[in-house]
>>> print(open('protein.pdb').read())   # PDB, C-alpha atoms
ATOM      1  CA  MET A   1      -0.611 -59.631  69.789  1.00  0.00           C
ATOM      2  CA  SER A   2      -1.672 -58.994  66.196  1.00  0.00           C
ATOM      3  CA  GLY A   3       0.844 -58.583  63.409  1.00  0.00           C
ATOM      4  CA  PHE A   4      -0.381 -55.031  62.969  1.00  0.00           C
ATOM      5  CA  ASN A   5       0.405 -54.074  66.577  1.00  0.00           C
ATOM      6  CA  LEU A   6       3.684 -55.991  66.454  1.00  0.00           C
ATOM      7  CA  LEU A   7       4.754 -53.936  63.448  1.00  0.00           C
ATOM      8  CA  HIS A   8       4.132 -50.743  65.406  1.00  0.00           C
ATOM      9  CA  LEU A   9       6.064 -52.144  68.374  1.00  0.00           C
ATOM     10  CA  ILE A  10       9.072 -52.881  66.161  1.00  0.00           C
ATOM     11  CA  THR A  11       8.961 -49.533  64.340  1.00  0.00           C
ATOM     12  CA  LYS A  12       8.150 -47.658  67.574  1.00  0.00           C
ATOM     13  CA  SER A  13       5.469 -45.671  65.782  1.00  0.00           C
ATOM     14  CA  GLN A  14       2.127 -44.987  67.373  1.00  0.00           C
ATOM     15  CA  PRO A  15      -0.596 -47.415  66.281  1.00  0.00           C
ATOM     16  CA  VAL A  16      -3.653 -45.968  64.639  1.00  0.00           C
ATOM     17  CA  ALA A  17      -6.807 -46.788  66.571  1.00  0.00           C
ATOM     18  CA  GLN A  18      -8.631 -49.488  64.659  1.00  0.00           C
ATOM     19  CA  ARG A  19     -12.275 -48.620  64.119  1.00  0.00           C
ATOM     20  CA  SER A  20     -15.116 -50.702  62.862  1.00  0.00           C
ATOM     21  CA  CYS A  21     -17.329 -49.487  60.068  1.00  0.00           C
ATOM     22  CA  SER A  22     -19.929 -46.929  61.084  1.00  0.00           C
ATOM     23  CA  LEU A  23     -22.944 -49.181  60.672  1.00  0.00           C
ATOM     24  CA  PRO A  24     -24.455 -50.525  63.912  1.00  0.00           C
ATOM     25  CA  SER A  25     -23.798 -54.090  62.787  1.00  0.00           C
ATOM     26  CA  GLY A  26     -20.135 -53.284  62.121  1.00  0.00           C
ATOM     27  CA  LEU A  27     -20.558 -54.348  58.495  1.00  0.00           C
ATOM     28  CA  CYS A  28     -19.427 -52.136  55.658  1.00  0.00           C
ATOM     29  CA  ARG A  29     -21.993 -50.917  53.166  1.00  0.00           C
ATOM     30  CA  THR A  30     -22.068 -52.299  49.677  1.00  0.00           C
ATOM     31  CA  LYS A  31     -22.706 -50.224  46.566  1.00  0.00           C
ATOM     32  CA  LYS A  32     -26.338 -51.381  46.606  1.00  0.00           C
ATOM     33  CA  THR A  33     -27.145 -49.994  50.063  1.00  0.00           C
ATOM     34  CA  TRP A  34     -26.133 -46.326  49.677  1.00  0.00           C
ATOM     35  CA  PRO A  35     -28.981 -43.776  49.819  1.00  0.00           C
ATOM     36  CA  VAL A  36     -28.065 -42.396  46.348  1.00  0.00           C
ATOM     37  CA  SER A  37     -27.684 -44.991  43.611  1.00  0.00           C
ATOM     38  CA  VAL A  38     -26.168 -44.187  40.227  1.00  0.00           C
ATOM     39  CA  SER A  39     -25.710 -46.841  37.552  1.00  0.00           C
ATOM     40  CA  GLN A  40     -22.171 -47.751  36.537  1.00  0.00           C
ATOM     41  CA  GLU A  41     -23.077 -47.027  32.907  1.00  0.00           C
ATOM     42  CA  GLU A  42     -24.185 -43.483  33.783  1.00  0.00           C
ATOM     43  CA  LEU A  43     -21.019 -42.911  35.819  1.00  0.00           C
ATOM     44  CA  LYS A  44     -18.791 -44.115  32.976  1.00  0.00           C
ATOM     45  CA  ASN A  45     -20.508 -41.626  30.655  1.00  0.00           C
ATOM     46  CA  ARG A  46     -20.500 -38.697  33.099  1.00  0.00           C
ATOM     47  CA  LEU A  47     -17.116 -39.016  34.854  1.00  0.00           C
ATOM     48  CA  THR A  48     -13.624 -38.843  33.402  1.00  0.00           C
ATOM     49  CA  PRO A  49     -11.702 -42.148  33.393  1.00  0.00           C
ATOM     50  CA  LEU A  50      -9.624 -40.913  36.368  1.00  0.00           C
ATOM     51  CA  GLN A  51     -12.715 -39.815  38.329  1.00  0.00           C
ATOM     52  CA  TYR A  52     -14.334 -43.194  37.685  1.00  0.00           C
ATOM     53  CA  HIS A  53     -11.177 -45.088  38.690  1.00  0.00           C
ATOM     54  CA  VAL A  54     -10.779 -43.125  41.941  1.00  0.00           C
ATOM     55  CA  THR A  55     -14.418 -43.049  43.063  1.00  0.00           C
ATOM     56  CA  GLN A  56     -15.608 -46.482  41.908  1.00  0.00           C
ATOM     57  CA  GLU A  57     -12.447 -48.615  41.944  1.00  0.00           C
ATOM     58  CA  LYS A  58     -10.786 -47.051  45.025  1.00  0.00           C
ATOM     59  CA  GLY A  59      -7.944 -45.689  42.926  1.00  0.00           C
ATOM     60  CA  THR A  60      -5.579 -42.839  43.726  1.00  0.00           C
ATOM     61  CA  GLU A  61      -4.417 -40.009  41.506  1.00  0.00           C
ATOM     62  CA  SER A  62      -0.695 -39.257  41.381  1.00  0.00           C
ATOM     63  CA  ALA A  63       0.557 -36.893  44.078  1.00  0.00           C
ATOM     64  CA  PHE A  64       0.810 -33.182  43.192  1.00  0.00           C
ATOM     65  CA  THR A  65      -1.200 -33.625  39.971  1.00  0.00           C
ATOM     66  CA  GLY A  66      -4.784 -33.073  41.148  1.00  0.00           C
ATOM     67  CA  GLU A  67      -6.877 -30.088  40.097  1.00  0.00           C
ATOM     68  CA  PHE A  68      -7.501 -28.993  43.706  1.00  0.00           C
ATOM     69  CA  THR A  69      -4.062 -29.624  45.229  1.00  0.00           C
ATOM     70  CA  TYR A  70      -3.096 -25.933  45.096  1.00  0.00           C
ATOM     71  CA  HIS A  71      -6.650 -24.569  44.771  1.00  0.00           C
ATOM     72  CA  GLU A  72      -7.260 -21.584  47.075  1.00  0.00           C
ATOM     73  CA  ASP A  73     -10.649 -20.176  46.017  1.00  0.00           C
ATOM     74  CA  GLU A  74     -13.384 -19.805  48.646  1.00  0.00           C
ATOM     75  CA  GLY A  75     -16.313 -22.171  48.421  1.00  0.00           C
ATOM     76  CA  THR A  76     -17.465 -25.727  49.024  1.00  0.00           C
ATOM     77  CA  TYR A  77     -15.930 -29.013  47.893  1.00  0.00           C
ATOM     78  CA  THR A  78     -18.605 -31.563  46.979  1.00  0.00           C
ATOM     79  CA  CYS A  79     -18.701 -35.217  45.950  1.00  0.00           C
ATOM     80  CA  VAL A  80     -18.129 -35.424  42.176  1.00  0.00           C
ATOM     81  CA  VAL A  81     -20.598 -38.328  41.912  1.00  0.00           C
ATOM     82  CA  CYS A  82     -23.659 -37.080  43.834  1.00  0.00           C
ATOM     83  CA  GLY A  83     -22.947 -33.444  44.795  1.00  0.00           C
ATOM     84  CA  THR A  84     -23.044 -33.933  48.582  1.00  0.00           C
ATOM     85  CA  PRO A  85     -21.263 -31.012  50.327  1.00  0.00           C
ATOM     86  CA  LEU A  86     -18.163 -32.406  52.044  1.00  0.00           C
ATOM     87  CA  PHE A  87     -15.596 -29.724  52.921  1.00  0.00           C
ATOM     88  CA  SER A  88     -15.424 -25.949  53.207  1.00  0.00           C
ATOM     89  CA  SER A  89     -12.426 -24.144  51.729  1.00  0.00           C
ATOM     90  CA  ASN A  90     -11.957 -22.633  55.228  1.00  0.00           C
ATOM     91  CA  VAL A  91     -10.644 -25.989  56.525  1.00  0.00           C
ATOM     92  CA  LYS A  92      -8.334 -26.768  53.587  1.00  0.00           C
ATOM     93  CA  PHE A  93      -4.603 -26.676  54.278  1.00  0.00           C
ATOM     94  CA  ASP A  94      -1.325 -27.578  52.567  1.00  0.00           C
ATOM     95  CA  SER A  95      -0.131 -30.790  54.189  1.00  0.00           C
ATOM     96  CA  GLY A  96       2.735 -31.255  51.747  1.00  0.00           C
ATOM     97  CA  SER A  97       1.329 -34.706  50.890  1.00  0.00           C
ATOM     98  CA  GLY A  98       0.451 -33.866  47.287  1.00  0.00           C
ATOM     99  CA  TRP A  99      -3.308 -34.213  47.749  1.00  0.00           C
ATOM    100  CA  PRO A 100      -5.907 -31.722  48.945  1.00  0.00           C
ATOM    101  CA  SER A 101      -6.089 -31.900  52.738  1.00  0.00           C
ATOM    102  CA  PHE A 102      -8.835 -30.784  55.099  1.00  0.00           C
ATOM    103  CA  PHE A 103      -8.945 -30.800  58.901  1.00  0.00           C
ATOM    104  CA  ASP A 104     -12.731 -30.968  59.338  1.00  0.00           C
ATOM    105  CA  LEU A 105     -15.969 -31.921  57.579  1.00  0.00           C
ATOM    106  CA  MET A 106     -18.930 -29.676  56.811  1.00  0.00           C
ATOM    107  CA  LYS A 107     -21.150 -32.283  58.509  1.00  0.00           C
ATOM    108  CA  GLU A 108     -19.928 -35.292  60.463  1.00  0.00           C
ATOM    109  CA  GLU A 109     -22.428 -37.544  58.684  1.00  0.00           C
ATOM    110  CA  SER A 110     -21.304 -36.549  55.161  1.00  0.00           C
ATOM    111  CA  VAL A 111     -18.396 -39.036  55.165  1.00  0.00           C
ATOM    112  CA  THR A 112     -18.343 -42.719  56.116  1.00  0.00           C
ATOM    113  CA  LEU A 113     -15.173 -44.256  57.558  1.00  0.00           C
ATOM    114  CA  ALA A 114     -13.991 -47.834  56.976  1.00  0.00           C
ATOM    115  CA  ASP A 115     -10.859 -49.835  57.743  1.00  0.00           C
ATOM    116  CA  ASP A 116      -8.513 -50.223  54.774  1.00  0.00           C
ATOM    117  CA  PHE A 117      -5.770 -52.856  55.051  1.00  0.00           C
ATOM    118  CA  SER A 118      -4.581 -52.642  51.430  1.00  0.00           C
ATOM    119  CA  TYR A 119      -0.857 -52.463  50.648  1.00  0.00           C
ATOM    120  CA  GLY A 120       0.028 -54.187  53.926  1.00  0.00           C
ATOM    121  CA  MET A 121      -0.872 -51.271  56.178  1.00  0.00           C
ATOM    122  CA  HIS A 122      -3.854 -49.981  58.120  1.00  0.00           C
ATOM    123  CA  ARG A 123      -5.520 -46.775  56.995  1.00  0.00           C
ATOM    124  CA  VAL A 124      -8.982 -45.318  57.446  1.00  0.00           C
ATOM    125  CA  GLU A 125     -10.784 -44.977  54.114  1.00  0.00           C
ATOM    126  CA  THR A 126     -13.213 -42.103  53.586  1.00  0.00           C
ATOM    127  CA  THR A 127     -16.241 -42.509  51.337  1.00  0.00           C
ATOM    128  CA  CYS A 128     -19.202 -40.284  50.546  1.00  0.00           C
ATOM    129  CA  SER A 129     -21.999 -41.309  52.905  1.00  0.00           C
ATOM    130  CA  GLN A 130     -24.635 -40.740  50.225  1.00  0.00           C
ATOM    131  CA  CYS A 131     -23.298 -42.607  47.185  1.00  0.00           C
ATOM    132  CA  GLY A 132     -20.308 -44.595  48.486  1.00  0.00           C
ATOM    133  CA  ALA A 133     -17.737 -42.904  46.241  1.00  0.00           C
ATOM    134  CA  HIS A 134     -14.159 -43.414  47.434  1.00  0.00           C
ATOM    135  CA  LEU A 135     -12.720 -40.049  48.481  1.00  0.00           C
ATOM    136  CA  GLY A 136      -9.356 -40.794  50.093  1.00  0.00           C
ATOM    137  CA  HIS A 137      -8.100 -41.501  53.618  1.00  0.00           C
ATOM    138  CA  LEU A 138      -8.177 -40.011  57.116  1.00  0.00           C
ATOM    139  CA  PHE A 139      -5.006 -39.627  59.185  1.00  0.00           C
ATOM    140  CA  ASP A 140      -4.441 -38.416  62.743  1.00  0.00           C
ATOM    141  CA  ASP A 141      -1.631 -35.990  61.915  1.00  0.00           C
ATOM    142  CA  GLY A 142      -3.593 -32.867  61.002  1.00  0.00           C
ATOM    143  CA  PRO A 143      -3.519 -29.396  62.549  1.00  0.00           C
ATOM    144  CA  LYS A 144      -5.446 -28.203  65.579  1.00  0.00           C
ATOM    145  CA  PRO A 145      -8.248 -28.041  66.573  1.00  0.00           C
ATOM    146  CA  THR A 146      -9.177 -31.510  65.215  1.00  0.00           C
ATOM    147  CA  GLY A 147      -5.782 -33.142  64.680  1.00  0.00           C
ATOM    148  CA  LYS A 148      -7.298 -34.839  61.615  1.00  0.00           C
ATOM    149  CA  ARG A 149      -6.086 -34.813  58.014  1.00  0.00           C
ATOM    150  CA  TYR A 150      -8.628 -35.826  55.414  1.00  0.00           C
ATOM    151  CA  CYS A 151      -6.331 -36.615  52.474  1.00  0.00           C
ATOM    152  CA  ILE A 152      -8.703 -36.489  49.502  1.00  0.00           C
ATOM    153  CA  ASN A 153      -8.243 -37.164  45.795  1.00  0.00           C
ATOM    154  CA  SER A 154      -9.042 -34.131  43.618  1.00  0.00           C
ATOM    155  CA  ALA A 155     -10.691 -36.533  41.158  1.00  0.00           C
ATOM    156  CA  SER A 156     -13.378 -37.344  43.746  1.00  0.00           C
ATOM    157  CA  LEU A 157     -14.245 -33.677  44.303  1.00  0.00           C
ATOM    158  CA  ALA A 158     -16.178 -30.931  42.546  1.00  0.00           C
ATOM    159  CA  PHE A 159     -16.049 -27.287  43.644  1.00  0.00           C
ATOM    160  CA  GLN A 160     -18.752 -24.663  44.102  1.00  0.00           C
ATOM    161  CA  PRO A 161     -17.290 -21.154  44.384  1.00  0.00           C
ATOM    162  CA  LYS A 162     -18.574 -19.032  47.260  1.00  0.00           C
ATOM    163  CA  SER A 163     -19.967 -16.469  44.787  1.00  0.00           C
ATOM    164  CA  ALA A 164     -22.101 -19.181  43.133  1.00  0.00           C
ATOM    165  CA  ILE A 165     -23.333 -20.428  46.515  1.00  0.00           C
ATOM    166  CA  SER A 166     -24.251 -16.979  47.835  1.00  0.00           C
ATOM    167  CA  SER A 167     -25.913 -15.919  44.559  1.00  0.00           C
ATOM    168  CA  THR A 168     -28.345 -18.843  44.694  1.00  0.00           C
ATOM    169  CA  PRO A 169     -31.564 -17.408  46.120  1.00  0.00           C
ATOM    170  CA  THR A 170     -32.966 -19.134  49.178  1.00  0.00           C
ATOM    171  CA  ALA A 171     -36.632 -19.320  50.150  1.00  0.00           C
ATOM    172  CA  ASP A 172     -36.046 -16.627  52.819  1.00  0.00           C
ATOM    173  CA  SER A 173     -34.353 -14.226  50.389  1.00  0.00           C
ATOM    174  CA  LYS A 174     -37.115 -14.768  47.799  1.00  0.00           C
ATOM    175  CA  ALA A 175     -39.744 -13.936  50.424  1.00  0.00           C
ATOM    176  CA  ALA A 176     -37.817 -10.844  51.527  1.00  0.00           C
ATOM    177  CA  ASN A 177     -37.434  -9.653  47.939  1.00  0.00           C
ATOM    178  CA  SER A 178     -41.128 -10.145  47.173  1.00  0.00           C
ATOM    179  CA  SER A 179     -42.210  -8.201  50.273  1.00  0.00           C
ATOM    180  CA  LEU A 180     -39.812  -5.364  49.381  1.00  0.00           C
ATOM    181  CA  SER A 181     -41.111  -5.223  45.823  1.00  0.00           C
ATOM    182  CA  ASP A 182     -44.651  -4.788  47.193  1.00  0.00           C
ATOM    183  CA  GLY A 183     -43.412  -1.722  49.053  1.00  0.00           C
ATOM    184  CA  LYS A 184     -44.177  -3.434  52.352  1.00  0.00           C
ATOM    185  CA  ALA A 185     -41.346  -4.581  54.557  1.00  0.00           C
ATOM    186  CA  GLU A 186     -42.136  -7.123  57.249  1.00  0.00           C
ATOM    187  CA  LEU A 187     -40.342  -6.575  60.514  1.00  0.00           C
TER     188      LEU A 187
END
>>> encode(input="protein.pdb", output="structure tokens")
Amino acid sequence: MSGFNLLHLITKSQPVAQRSCSLPSGLCRTKKTWPVSVSQEELKNRLTPLQYHVTQEKGTESAFTGEFTYHEDEGTYTCVVCGTPLFSSNVKFDSGSGWPSFFDLMKEESVTLADDFSYGMHRVETTCSQCGAHLGHLFDDGPKPTGKRYCINSASLAFQPKSAISSTPTADSKAANSSLSDGKAEL
């Protein structure tokens, strides 16, 4: 019996299912193998010191201090490093933990999970699947329907308000507007 499982036996808490990294080989990615690569120099110039510490050094902001902890606007939370859409405001909830919490992802493949045994405990680390930025951790104590709680540092997130997202013209809306301006509507 591993020390990890023995600890759970003694404390009578439920063990968290240990998962291997999401790569087929079971190996974790390194900074050099992420699809989006940004130089450390560029990140140091573009990000705040806290954003850099959280996303690149696996740091954590202090509880109840993050910009998005009590944020309630409608929109999309994205990775502060590469802009990948991660969470919708529709799945954000107040977990009382002091960090923004979400119970589901926009796309399953937008976040990579990895085992984290730091501080003498097992947690599941969440990172952006495109650039490898550390986001936070995943816990199995969230609300229904998923039962998941993505506990995410505000410093690793950016926010796009719903009004900004919906006002960005898409290819379909541009085509519809051009056909209406010609006085001809396609049905």
>>> atom_distance(input="protein.pdb", atom1="atom CA of A:Gln40", atom2="atom CA of A:Glu125")
21.1 Å
>>> axis_aligned_box(input="protein.pdb", around="stretch 78-94 of chain A", padding_each_side="5 Å", output="lines of an AutoDock Vina configuration file")
center_x = -12.5
center_y = -30.5
center_z = 49.2
size_x = 32.3
size_y = 25.7
size_z = 24.6
>>> closest_residue(input="protein.pdb", among="A:Met106, A:Lys58, A:Pro49, A:Leu86", to="A:Ser118", atoms="all atoms listed in the file")
A:Lys58
>>> residues_around(input="protein.pdb", residues="A:Phe68", least_positions_apart="2", cutoff="9 Å", atoms="all atoms listed in the file", output="count of residues only")
13
>>> residues_around(input="protein.pdb", residues="A:Gly136", least_positions_apart="4", cutoff="9 Å", atoms="only C-alpha atoms", output="list in words")
Val54, Thr55, Lys58, Gly59, Thr60, Val124, Glu125, Thr126, Thr127, Tyr150, Cys151, Ile152, Asn153 and Ser156 of chain A
>>> residues_around(input="protein.pdb", residues="A:Pro35", least_positions_apart="5", cutoff="12 Å", atoms="only C-alpha atoms", output="PyMOL selection string")
chain A and resi 29-30+82+84+110+128-133
>>> resolve_selection(input="protein.pdb", expression="the PyMOL selection byres ((chain A and resi 142) around 10)", output="PDB file with C-alpha atoms, in the coordinates of the input")
ATOM      1  CA  PHE A  93      -4.603 -26.676  54.278  1.00  0.00           C
ATOM      2  CA  SER A  95      -0.131 -30.790  54.189  1.00  0.00           C
ATOM      3  CA  SER A 101      -6.089 -31.900  52.738  1.00  0.00           C
ATOM      4  CA  PHE A 102      -8.835 -30.784  55.099  1.00  0.00           C
ATOM      5  CA  PHE A 103      -8.945 -30.800  58.901  1.00  0.00           C
ATOM      6  CA  ASP A 104     -12.731 -30.968  59.338  1.00  0.00           C
ATOM      7  CA  LEU A 138      -8.177 -40.011  57.116  1.00  0.00           C
ATOM      8  CA  PHE A 139      -5.006 -39.627  59.185  1.00  0.00           C
ATOM      9  CA  ASP A 140      -4.441 -38.416  62.743  1.00  0.00           C
ATOM     10  CA  ASP A 141      -1.631 -35.990  61.915  1.00  0.00           C
ATOM     11  CA  PRO A 143      -3.519 -29.396  62.549  1.00  0.00           C
ATOM     12  CA  LYS A 144      -5.446 -28.203  65.579  1.00  0.00           C
ATOM     13  CA  PRO A 145      -8.248 -28.041  66.573  1.00  0.00           C
ATOM     14  CA  THR A 146      -9.177 -31.510  65.215  1.00  0.00           C
ATOM     15  CA  GLY A 147      -5.782 -33.142  64.680  1.00  0.00           C
ATOM     16  CA  LYS A 148      -7.298 -34.839  61.615  1.00  0.00           C
ATOM     17  CA  ARG A 149      -6.086 -34.813  58.014  1.00  0.00           C
ATOM     18  CA  TYR A 150      -8.628 -35.826  55.414  1.00  0.00           C
ATOM     19  CA  CYS A 151      -6.331 -36.615  52.474  1.00  0.00           C
TER      20      CYS A 151
END
>>> atom_distance(input="protein.pdb", atom1="atom CA of A:Asp94", atom2="atom CA of A:Gly120")
26.7 Å
>>> closest_residue(input="protein.pdb", among="A:Ser97, A:Glu108, A:Thr78, A:His134", to="A:His53", atoms="all atoms listed in the file")
A:His134
>>> resolve_selection(input="protein.pdb", expression="the PyMOL selection byres ((chain A and resi 76) around 6)", output="ChimeraX atom specification")
/A:75,77,87-89,159-160
>>> write_last_selection(input="protein.pdb", atoms="C-alpha atoms", output="short mmCIF file (atom, residue, chain, number, x, y, z; two decimals), in the coordinates of the input")
data_model
loop_
_atom_site.label_atom_id
_atom_site.label_comp_id
_atom_site.auth_asym_id
_atom_site.auth_seq_id
_atom_site.Cartn_x
_atom_site.Cartn_y
_atom_site.Cartn_z
CA GLY A 75 -16.31 -22.17 48.42
CA TYR A 77 -15.93 -29.01 47.89
CA PHE A 87 -15.60 -29.72 52.92
CA SER A 88 -15.42 -25.95 53.21
CA SER A 89 -12.43 -24.14 51.73
CA PHE A 159 -16.05 -27.29 43.64
CA GLN A 160 -18.75 -24.66 44.10
#
>>> atom_distance(input="protein.pdb", atom1="atom CA of A:Leu43", atom2="atom CA of A:Val81")
7.6 Å
>>> closest_residue(input="protein.pdb", among="A:Ala114, A:Lys107, A:Gly98, A:Pro161", to="A:Phe64", atoms="all atoms listed in the file")
A:Gly98
>>> build_atoms(input="protein.pdb", residues="stretch 95-119 of chain A", atoms="N, CA and C atoms", output="PDB file, in the frame of the given file")
ATOM      1  N   SER A  95      -0.784 -29.802  53.333  1.00  0.00           N
ATOM      2  CA  SER A  95      -0.131 -30.790  54.189  1.00  0.00           C
ATOM      3  C   SER A  95       1.219 -31.211  53.624  1.00  0.00           C
ATOM      4  N   GLY A  96       1.505 -30.832  52.388  1.00  0.00           N
ATOM      5  CA  GLY A  96       2.735 -31.255  51.747  1.00  0.00           C
ATOM      6  C   GLY A  96       2.666 -32.672  51.213  1.00  0.00           C
ATOM      7  N   SER A  97       1.489 -33.304  51.307  1.00  0.00           N
ATOM      8  CA  SER A  97       1.329 -34.706  50.890  1.00  0.00           C
ATOM      9  C   SER A  97       1.139 -34.855  49.387  1.00  0.00           C
ATOM     10  N   GLY A  98       0.709 -33.784  48.719  1.00  0.00           N
ATOM     11  CA  GLY A  98       0.451 -33.866  47.287  1.00  0.00           C
ATOM     12  C   GLY A  98      -1.009 -34.039  46.944  1.00  0.00           C
ATOM     13  N   TRP A  99      -1.868 -34.117  47.949  1.00  0.00           N
ATOM     14  CA  TRP A  99      -3.308 -34.213  47.749  1.00  0.00           C
ATOM     15  C   TRP A  99      -3.991 -33.132  48.564  1.00  0.00           C
ATOM     16  N   PRO A 100      -5.169 -32.692  48.136  1.00  0.00           N
ATOM     17  CA  PRO A 100      -5.907 -31.722  48.945  1.00  0.00           C
ATOM     18  C   PRO A 100      -6.157 -32.279  50.341  1.00  0.00           C
ATOM     19  N   SER A 101      -5.923 -31.460  51.347  1.00  0.00           N
ATOM     20  CA  SER A 101      -6.089 -31.900  52.738  1.00  0.00           C
ATOM     21  C   SER A 101      -7.016 -30.959  53.476  1.00  0.00           C
ATOM     22  N   PHE A 102      -7.850 -31.536  54.321  1.00  0.00           N
ATOM     23  CA  PHE A 102      -8.835 -30.784  55.099  1.00  0.00           C
ATOM     24  C   PHE A 102      -8.762 -31.269  56.541  1.00  0.00           C
ATOM     25  N   PHE A 103      -8.998 -30.360  57.504  1.00  0.00           N
ATOM     26  CA  PHE A 103      -8.945 -30.800  58.901  1.00  0.00           C
ATOM     27  C   PHE A 103     -10.315 -30.979  59.534  1.00  0.00           C
ATOM     28  N   ASP A 104     -11.395 -30.743  58.794  1.00  0.00           N
ATOM     29  CA  ASP A 104     -12.731 -30.968  59.338  1.00  0.00           C
ATOM     30  C   ASP A 104     -13.740 -31.112  58.208  1.00  0.00           C
ATOM     31  N   LEU A 105     -14.872 -31.718  58.522  1.00  0.00           N
ATOM     32  CA  LEU A 105     -15.969 -31.921  57.579  1.00  0.00           C
ATOM     33  C   LEU A 105     -17.007 -30.821  57.723  1.00  0.00           C
ATOM     34  N   MET A 106     -17.806 -30.611  56.691  1.00  0.00           N
ATOM     35  CA  MET A 106     -18.930 -29.676  56.811  1.00  0.00           C
ATOM     36  C   MET A 106     -19.963 -30.256  57.771  1.00  0.00           C
ATOM     37  N   LYS A 107     -20.236 -31.555  57.624  1.00  0.00           N
ATOM     38  CA  LYS A 107     -21.150 -32.283  58.509  1.00  0.00           C
ATOM     39  C   LYS A 107     -20.518 -33.626  58.806  1.00  0.00           C
ATOM     40  N   GLU A 108     -20.536 -34.022  60.053  1.00  0.00           N
ATOM     41  CA  GLU A 108     -19.928 -35.292  60.463  1.00  0.00           C
ATOM     42  C   GLU A 108     -20.488 -36.471  59.679  1.00  0.00           C
ATOM     43  N   GLU A 109     -21.788 -36.420  59.357  1.00  0.00           N
ATOM     44  CA  GLU A 109     -22.428 -37.544  58.684  1.00  0.00           C
ATOM     45  C   GLU A 109     -22.231 -37.542  57.159  1.00  0.00           C
ATOM     46  N   SER A 110     -21.487 -36.596  56.610  1.00  0.00           N
ATOM     47  CA  SER A 110     -21.304 -36.549  55.161  1.00  0.00           C
ATOM     48  C   SER A 110     -20.277 -37.557  54.651  1.00  0.00           C
ATOM     49  N   VAL A 111     -19.428 -38.075  55.550  1.00  0.00           N
ATOM     50  CA  VAL A 111     -18.396 -39.036  55.165  1.00  0.00           C
ATOM     51  C   VAL A 111     -18.511 -40.282  56.036  1.00  0.00           C
ATOM     52  N   THR A 112     -18.349 -41.441  55.409  1.00  0.00           N
ATOM     53  CA  THR A 112     -18.343 -42.719  56.116  1.00  0.00           C
ATOM     54  C   THR A 112     -16.904 -43.210  56.190  1.00  0.00           C
ATOM     55  N   LEU A 113     -16.526 -43.743  57.344  1.00  0.00           N
ATOM     56  CA  LEU A 113     -15.173 -44.256  57.558  1.00  0.00           C
ATOM     57  C   LEU A 113     -15.177 -45.778  57.555  1.00  0.00           C
ATOM     58  N   ALA A 114     -14.126 -46.372  57.000  1.00  0.00           N
ATOM     59  CA  ALA A 114     -13.991 -47.834  56.976  1.00  0.00           C
ATOM     60  C   ALA A 114     -12.515 -48.197  57.059  1.00  0.00           C
ATOM     61  N   ASP A 115     -12.236 -49.338  57.667  1.00  0.00           N
ATOM     62  CA  ASP A 115     -10.859 -49.835  57.743  1.00  0.00           C
ATOM     63  C   ASP A 115     -10.378 -50.219  56.352  1.00  0.00           C
ATOM     64  N   ASP A 116      -9.134 -49.894  56.052  1.00  0.00           N
ATOM     65  CA  ASP A 116      -8.513 -50.223  54.774  1.00  0.00           C
ATOM     66  C   ASP A 116      -7.158 -50.853  55.075  1.00  0.00           C
ATOM     67  N   PHE A 117      -7.016 -52.142  54.789  1.00  0.00           N
ATOM     68  CA  PHE A 117      -5.770 -52.856  55.051  1.00  0.00           C
ATOM     69  C   PHE A 117      -5.005 -53.157  53.762  1.00  0.00           C
ATOM     70  N   SER A 118      -5.281 -52.414  52.692  1.00  0.00           N
ATOM     71  CA  SER A 118      -4.581 -52.642  51.430  1.00  0.00           C
ATOM     72  C   SER A 118      -3.117 -52.213  51.549  1.00  0.00           C
ATOM     73  N   TYR A 119      -2.303 -52.764  50.708  1.00  0.00           N
ATOM     74  CA  TYR A 119      -0.857 -52.463  50.648  1.00  0.00           C
ATOM     75  C   TYR A 119      -0.123 -52.786  51.945  1.00  0.00           C
TER      76      TYR A 119
END
